[in-house]
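Asks: If it helps, the file is called input_16.cif and holds mmCIF, C-alpha atoms:
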data_protein
loop_
_atom_site.label_atom_id
_atom_site.label_comp_id
_atom_site.auth_asym_id
_atom_site.auth_seq_id
_atom_site.Cartn_x
_atom_site.Cartn_y
_atom_site.Cartn_z
CA MET M 1 0.00 0.00 0.00
CA THR M 2 1.00 3.65 -0.30
CA SER M 3 3.10 5.62 2.12
CA THR M 4 -0.05 7.48 3.16
CA PHE M 5 -1.45 4.16 4.32
CA ASP M 6 1.76 3.38 6.19
CA SER M 7 1.70 6.78 7.91
CA VAL M 8 -1.96 6.47 8.84
CA VAL M 9 -1.39 2.97 10.23
CA GLU M 10 1.48 4.25 12.32
CA ILE M 11 -0.60 7.12 13.65
CA ILE M 12 -3.63 4.98 14.46
CA SER M 13 -1.43 2.37 16.07
CA GLU M 14 0.39 4.85 18.30
CA VAL M 15 -2.35 7.35 19.04
CA CYS M 16 -5.22 4.89 19.45
CA ASP M 17 -3.17 2.02 20.86
CA VAL M 18 -4.21 -0.48 18.19
CA PRO M 19 -1.84 -3.33 17.25
CA ARG M 20 -0.49 -2.74 13.76
CA ASP M 21 -1.31 -6.23 12.56
CA GLN M 22 -5.00 -5.53 13.19
CA ILE M 23 -5.02 -2.55 10.81
CA THR M 24 -5.68 -3.49 7.19
CA PRO M 25 -6.87 -1.57 4.14
CA ALA M 26 -10.30 -3.15 4.66
CA SER M 27 -10.54 -2.03 8.30
CA HIS M 28 -13.32 0.40 9.19
CA VAL M 29 -11.46 2.89 11.32
CA THR M 30 -14.05 3.20 14.06
CA GLN M 31 -16.11 0.00 13.81
CA ASP M 32 -13.36 -2.59 13.31
CA LEU M 33 -10.51 -1.13 15.30
CA ASN M 34 -12.36 -0.44 18.57
CA ILE M 35 -11.60 3.28 18.41
CA ASP M 36 -14.07 5.59 20.12
CA SER M 37 -14.92 9.01 18.71
CA LEU M 38 -12.51 10.88 20.98
CA ASN M 39 -9.61 8.57 20.15
CA PHE M 40 -10.49 9.00 16.49
CA LEU M 41 -10.33 12.79 16.93
CA ASP M 42 -6.82 12.36 18.32
CA ALA M 43 -5.87 10.35 15.22
CA VAL M 44 -7.47 12.90 12.88
CA PHE M 45 -5.53 15.67 14.64
CA SER M 46 -2.25 13.83 14.14
CA ILE M 47 -3.09 13.14 10.49
CA ASP M 48 -4.14 16.77 9.91
CA GLN M 49 -0.86 17.92 11.44
CA LYS M 50 1.32 15.44 9.62
CA PHE M 51 -0.02 16.18 6.15
CA GLY M 52 -0.98 19.83 6.65
CA ILE M 53 -4.61 19.18 5.73
CA THR M 54 -8.00 19.49 7.38
CA ILE M 55 -9.97 16.29 7.06
CA PRO M 56 -13.61 17.38 6.57
CA LEU M 57 -14.79 15.04 9.28
CA GLU M 58 -18.03 16.88 9.95
CA ASP M 59 -19.04 16.85 6.30
CA TRP M 60 -18.30 13.14 5.95
CA THR M 61 -20.14 12.29 9.14
CA GLN M 62 -23.14 14.38 8.12
CA GLU M 63 -23.25 12.73 4.70
CA VAL M 64 -23.25 9.28 6.29
CA ASN M 65 -25.79 10.23 8.97
CA GLU M 66 -28.14 11.64 6.33
CA GLY M 67 -27.88 8.44 4.34
CA LYS M 68 -26.24 10.16 1.40
CA ALA M 69 -23.18 7.94 1.63
CA LYS M 70 -22.22 4.68 3.23
CA GLY M 71 -19.76 4.84 6.11
CA SER M 72 -17.36 2.70 4.09
CA LYS M 73 -16.98 5.51 1.55
CA TYR M 74 -14.87 7.46 3.98
CA PHE M 75 -14.06 5.30 6.94
CA VAL M 76 -12.76 2.07 5.47
CA LEU M 77 -9.03 2.62 5.67
CA ALA M 78 -8.22 2.24 1.97
CA ASN M 79 -10.86 4.85 1.12
CA PHE M 80 -9.87 7.01 4.11
CA CYS M 81 -6.30 7.12 2.80
CA ALA M 82 -7.48 7.84 -0.73
CA GLU M 83 -9.44 10.82 0.58
CA ILE M 84 -6.36 12.01 2.46
CA ASP M 85 -4.36 11.75 -0.77
CA LYS M 86 -6.97 13.91 -2.52
CA LEU M 87 -6.70 16.53 0.23
CA ILE M 88 -2.91 16.51 -0.01
CA ALA M 89 -3.08 16.90 -3.79
CA ALA M 90 -5.53 19.79 -3.45
CA LYS M 91 -3.29 21.46 -0.90
CA ASN M 92 -0.27 21.08 -3.18
CA ALA M 93 -2.23 22.42 -6.15
CA VAL M 94 -3.11 25.54 -4.18
CA ALA M 95 0.50 25.95 -3.08
CA ALA M 96 1.76 25.56 -6.64
CA GLY M 97 -0.90 27.81 -8.16
CA MET J 1 -11.33 47.46 26.03
CA LEU J 2 -8.61 45.12 24.82
CA LEU J 3 -5.06 45.94 25.71
CA PRO J 4 -2.07 45.96 23.37
CA LEU J 5 -0.94 42.40 22.78
CA ALA J 6 2.65 43.22 23.65
CA ASP J 7 1.69 44.34 27.17
CA ARG J 8 2.19 40.83 28.46
CA ASP J 9 3.67 42.02 31.72
CA GLN J 10 1.31 44.87 32.45
CA PRO J 11 0.00 44.50 36.00
CA MET J 12 -3.49 43.06 35.96
CA THR J 13 -4.52 43.81 39.53
CA ASN J 14 -6.49 46.86 38.49
CA VAL J 15 -7.84 45.19 35.37
CA ALA J 16 -9.61 42.38 37.15
CA ALA J 17 -12.94 43.96 38.06
CA GLN J 18 -14.38 41.17 40.14
CA ASP J 19 -13.60 37.76 41.54
CA MET J 20 -14.24 34.52 39.73
CA ARG J 21 -17.94 33.66 40.02
CA LEU J 22 -17.29 30.13 41.14
CA ASP J 23 -20.90 29.35 41.99
CA GLN J 24 -21.84 30.01 38.37
CA PHE J 25 -18.65 28.36 37.15
CA GLN J 26 -17.56 31.58 35.46
CA LEU J 27 -13.87 32.02 36.01
CA VAL J 28 -12.68 34.46 33.35
CA ASP J 29 -13.12 38.05 34.43
CA ARG J 30 -11.69 39.99 31.50
CA VAL J 31 -10.22 39.18 28.11
CA THR J 32 -7.24 41.51 27.90
CA ALA J 33 -5.76 40.74 24.48
CA VAL J 34 -6.39 38.86 21.26
CA SER J 35 -3.67 38.44 18.64
CA PRO J 36 -4.43 39.99 15.22
CA GLU J 37 -4.64 36.58 13.56
CA ARG J 38 -6.81 35.34 16.45
CA ARG J 39 -4.50 32.50 17.37
CA MET J 40 -3.87 33.65 20.96
CA LEU J 41 -6.11 35.09 23.63
CA ARG J 42 -5.11 36.38 27.04
CA ALA J 43 -7.47 36.74 29.98
CA VAL J 44 -7.31 37.73 33.63
CA ALA J 45 -9.09 36.10 36.54
CA ARG J 46 -9.03 36.77 40.26
CA VAL J 47 -9.33 33.99 42.80
CA PRO J 48 -11.81 35.00 45.54
CA ARG J 49 -10.23 35.81 48.89
CA SER J 50 -12.91 33.76 50.55
CA HIS J 51 -15.28 31.16 49.22
CA SER J 52 -16.96 28.07 50.58
CA ILE J 53 -14.80 25.78 48.45
CA PHE J 54 -11.80 26.74 50.55
CA MET J 55 -13.52 25.39 53.66
CA GLY J 56 -12.92 21.93 52.30
CA HIS J 57 -9.91 22.58 50.06
CA PHE J 58 -8.26 22.73 52.50
CA PRO J 59 -8.89 23.67 56.14
CA GLY J 60 -5.88 25.70 57.27
CA HIS J 61 -4.39 25.63 53.78
CA PRO J 62 -6.81 27.14 51.29
CA LEU J 63 -5.83 26.34 47.70
CA MET J 64 -7.46 26.88 44.34
CA PRO J 65 -8.32 23.36 43.14
CA GLY J 66 -6.20 22.24 40.21
CA VAL J 67 -9.24 21.22 38.23
CA LEU J 68 -10.53 24.79 38.46
CA ILE J 69 -7.20 26.09 37.20
CA ALA J 70 -7.74 23.69 34.31
CA GLU J 71 -11.25 25.09 33.89
CA LEU J 72 -9.79 28.60 33.67
CA MET J 73 -7.61 27.37 30.81
CA ALA J 74 -10.65 25.77 29.21
CA GLN J 75 -12.75 28.92 29.45
CA THR J 76 -9.93 31.09 28.12
CA SER J 77 -9.48 28.67 25.23
CA GLY J 78 -13.23 28.63 24.67
CA PHE J 79 -13.37 32.39 24.27
CA LEU J 80 -10.60 32.21 21.67
CA LEU J 81 -12.51 29.60 19.69
CA LEU J 82 -15.71 31.65 19.93
CA ALA J 83 -13.86 34.75 18.75
CA ARG J 84 -12.49 32.76 15.82
CA ASN J 85 -15.88 31.45 14.72
CA GLY J 86 -17.84 34.65 15.25
CA PHE J 87 -19.70 33.19 18.24
CA ARG J 88 -21.49 30.87 15.83
CA ARG J 89 -20.42 27.53 17.29
CA MET J 90 -19.96 26.34 20.86
CA PRO J 91 -16.73 24.73 22.06
CA PHE J 92 -16.93 21.85 24.54
CA LEU J 93 -13.87 20.55 26.34
CA ALA J 94 -13.18 17.01 25.14
CA ALA J 95 -9.72 16.21 26.43
CA LEU J 96 -7.11 17.65 28.73
CA LYS J 97 -3.64 16.34 28.21
CA GLU J 98 -0.43 16.78 30.09
CA LEU J 99 -1.98 19.02 32.72
CA ASN J 100 0.85 20.35 34.83
CA LEU J 101 0.08 22.04 38.13
CA ARG J 102 3.42 23.56 38.90
CA SER J 103 2.69 25.58 42.01
CA PHE J 104 -0.09 26.35 44.42
CA VAL J 105 -2.64 29.05 43.69
CA SER J 106 -4.07 30.83 46.70
CA PRO J 107 -7.15 32.92 47.52
CA GLY J 108 -6.70 36.45 46.25
CA ASP J 109 -4.22 35.51 43.51
CA VAL J 110 -4.67 37.37 40.25
CA LEU J 111 -4.10 34.98 37.38
CA VAL J 112 -3.27 35.62 33.74
CA CYS J 113 -4.21 32.85 31.33
CA GLU J 114 -3.06 32.58 27.73
CA ALA J 115 -4.55 30.16 25.23
CA THR J 116 -2.83 29.55 21.89
CA LEU J 117 -4.35 27.68 18.97
CA VAL J 118 -2.39 24.64 17.86
CA HIS J 119 -4.83 23.40 15.21
CA GLU J 120 -8.41 24.03 14.17
CA GLY J 121 -9.86 20.97 12.45
CA SER J 122 -13.32 20.02 11.29
CA GLY J 123 -15.50 20.14 14.39
CA TYR J 124 -12.59 20.14 16.78
CA ALA J 125 -9.70 22.29 17.93
CA VAL J 126 -6.50 21.78 19.88
CA LEU J 127 -4.95 24.51 22.01
CA ASP J 128 -2.12 24.98 24.45
CA ALA J 129 -2.82 27.09 27.52
CA ASN J 130 -0.90 28.31 30.50
CA VAL J 131 -1.66 30.23 33.67
CA ARG J 132 0.71 32.47 35.57
CA ARG J 133 0.35 34.66 38.59
CA ASP J 134 0.11 38.38 37.77
CA GLY J 135 3.57 39.90 37.97
CA GLU J 136 5.36 36.58 37.59
CA THR J 137 6.80 34.95 34.49
CA LYS J 138 6.78 31.27 35.45
CA ALA J 139 3.64 29.31 34.69
CA VAL J 140 1.69 27.94 37.65
CA ALA J 141 -0.10 25.57 35.29
CA ASP J 142 -0.19 24.50 31.66
CA ALA J 143 -1.98 21.95 29.52
CA ARG J 144 -2.98 20.89 26.03
CA LEU J 145 -6.74 21.02 25.50
CA THR J 146 -8.95 19.46 22.83
CA PHE J 147 -12.41 20.82 22.14
CA ARG J 148 -15.32 19.57 20.09
CA VAL J 149 -16.99 22.52 18.39
CA THR J 150 -20.62 22.24 17.35
CA ALA J 151 -23.56 24.44 16.42
CA PHE J 152 -25.42 25.98 19.34
CA VAL J 153 -28.28 23.72 20.42
CA ASN J 154 -30.53 26.70 21.08
CA SER J 155 -30.63 30.46 21.16
CA ILE J 156 -30.50 30.56 24.98
CA LEU J 157 -26.92 29.31 25.07
CA GLU J 158 -25.96 31.35 22.02
CA GLU J 159 -27.28 34.55 23.62
CA HIS J 160 -25.64 33.68 26.93
CA MET J 161 -22.22 33.33 25.31
CA ARG J 162 -22.68 36.67 23.58
CA LEU J 163 -23.57 38.18 26.94
CA ARG J 164 -20.46 36.63 28.46
CA ALA J 165 -18.40 38.14 25.64
CA THR J 166 -19.70 41.54 26.60
CA GLU J 167 -19.05 40.88 30.29
CA VAL J 168 -15.45 39.87 29.67
CA GLY J 169 -14.76 42.75 27.32
CA LEU J 170 -14.64 40.98 23.96
CA PRO J 171 -16.12 43.53 21.55
CA LEU J 172 -18.96 41.71 19.83
CA HIS J 173 -18.99 44.06 16.87
CA GLU J 174 -15.49 42.90 16.08
CA TYR J 175 -15.64 39.21 16.99
CA ALA J 176 -19.24 38.08 16.59
CA ALA J 177 -21.26 37.44 13.47
CA ALA J 178 -24.96 38.26 13.44
CA PRO J 179 -26.91 35.88 15.68
CA GLN J 180 -28.42 32.88 13.94
CA ALA J 181 -32.15 32.34 14.34
CA GLY J 182 -32.71 29.35 16.62
CA GLY J 183 -28.99 28.68 16.83
CA ALA J 184 -29.00 26.74 13.54
CA PRO J 185 -25.57 26.21 11.89
#
Starting from the file, lay out its structure as structure tokens.

Replies:
Amino acid sequence: MTSTFDSVVEIISEVCDVPRDQITPASHVTQDLNIDSLNFLDAVFSIDQKFGITIPLEDWTQEVNEGKAKGSKYFVLANFCAEIDKLIAAKNAVAAG
Amino acid sequence: MLLPLADRDQPMTNVAAQDMRLDQFQLVDRVTAVSPERRMLRAVARVPRSHSIFMGHFPGHPLMPGVLIAELMAQTSGFLLLARNGFRRMPFLAALKELNLRSFVSPGDVLVCEATLVHEGSGYAVLDANVRRDGETKAVADARLTFRVTAFVNSILEEHMRLRATEVGLPLHEYAAAPQAGGAP
């Protein structure tokens, strides 16, 4: 998997105290890894800081809660990392432009 | 009226107008400075010379409880977050990390609290805060605080926070957006 995935695994493992071998691309970050919402906030903070992005957590959560998207769209780790990559690319595009 | 940001060491004894209102859990007395980019806010608070909490904490050795010093940091941080979002969304303390209580705080102490934004994310914020005694440079306490920030649940709380802004000297015309009907986001 990508380096984003590796970084996110490291962060989740350290910040949320989850064994690395339990974290796979198919893991749902909150449902499969036994991470509560506050622990997840800690992880999001570390990810935001590391990559210089702001994960739109509220928007994603609202979309899922309103039934406009499945939770897996954002919170299954492979998709979560893909979304982070998009945010990084957007940030770099702004910086370059 | 806010003071110049650089006046970090200006004596606060005459700035603090009244004691902490502990019974109403209102600890901040005055906001004294906000940085131009709204990443730091400084406030002053005065520990009451006498209060019933000191009867138990502790007899013969009255001390400001550490958790209330933490609450002062939380309230100072909260005002910064409110100033940043135009008093549109309410911050709620979610985590307090590495709280250090470095020295005792006594009745009558005038405290200066500074909260500095570390990161503002989506629906949350992380700040560092410290408290020092007026006239001193060493911190008596410091911590890292995490807040969840959400829309006001109703106009009562929204109006109350605007009133508190006025009470603590945060000029609403500068830091608050127009009130939202019903507190909707």

Asks: Find the residues around Ile11 of chain M up to 10 Å (all atoms listed in the file counted), leave out those fewer than 3 positions away in its own chain, and share them as a PyMOL selection string.

Replies: chain M and resi 5-8+14-18+20+42-47+50

Asks: Please identify all residues of chain J having at least one atom at most 10 Å from any atom of chain M, considering only C-alpha atoms, and return them as a list in words.

Replies: Ala94, Ala95, Val118, His119, Glu120, Gly121, Ser122, Gly123, Tyr124, Ala125, Val126, Thr146, Phe147, Arg148 and Thr150 of chain J

Asks: Enter the distance from atom CA of Ala45 of chain J to atom CA of Pro91 of chain J, in Å, rounded to one decimal.

Replies: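 The value is 19.9 Å.
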
Asks: List the spatial neighbours of Glu114 of chain J as a ChimeraX atom specification - criterion: any atom at most 9 Å away, all atoms listed in the file, same-chain residues fewer than 2 positions off excluded.

Replies: /J:40-44,73,76-77,112,116,128-132

Asks: What's the separation between atom CA of Glu136 of chain J and atom CA of Ala83 of chain J, in Å to one decimal place?

Replies: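 Value for the atom CA of Glu136 of chain J-atom CA of Ala83 of chain J distance: 27.0 Å.
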
Asks: Show which residues sit within 9 Å of segment 90-96 of chain M, as a list in words. Count all atoms listed in the file, and ignore same-chain residues fewer than 4 positions away.

Replies: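 Listing them by chain and then by number gives Gly52, Ile53, Asp85 and Lys86 of chain M.
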
Asks: For a quick check of understanding, using all atoms listed in the file, which of M:Ser13, M:Ser37, M:Gln31, M:Ser3 has the smallest distance to Phe75 of chain M?

Replies: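 Closest residue, counting all atoms listed in the file: M:Gln31.
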
Asks: Name the residues in contact with Ala177 of chain J at a cut-off of 9 Å, using all atoms listed in the file, excluding same-chain residues fewer than 3 positions from it; report them as a ChimeraX atom specification.

Replies: /J:85-88,172-174,180

Asks: Rank J:Met55, J:Ile156, J:Cys113, J:Leu81 by their smallest atom-to-atom distance to Val31 of chain J, using only C-alpha atoms, and report the top residue only.

Replies: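 Looking only at the distances to Val31 of chain J, the closest residue turns out to be J:Cys113.
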
Asks: Show which residues sit within 12 Å of Leu22 of chain J, as number ranges by chain. Count all atoms listed in the file, and ignore same-chain residues fewer than 4 positions away.

Replies: J: 18, 26-29, 45-54, 64-65, 68-69, 71-72

Asks: Which of these residues is nearest to Phe51 of chain M, using all atoms listed in the file: M:Lys73, M:Gly97, M:Asp21, M:Cys81?

Replies: M:Cys81

Asks: Please report the interatomic distance between atom CA of Ala143 of chain J and atom CA of Glu98 of chain J in Å with one decimal.

Replies: 5.4 Å

Asks: Select, from J:Asp19, J:His57, J:Pro62, J:Gln75, the residue with the minimum atom-to-atom distance to Ala165 of chain J, counting all atoms listed in the file.

Replies: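 Once distances to Ala165 of chain J are computed over all atoms listed in the file, the minimum belongs to J:Gln75.
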
Asks: Can you work out which one of M:Tyr74, M:Ile88, M:Glu83, M:Gly67 has the shortest atom-to-atom distance to His28 of chain M, counting only C-alpha atoms?

Replies: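 For His28 of chain M, the nearest of the candidates is M:Tyr74.
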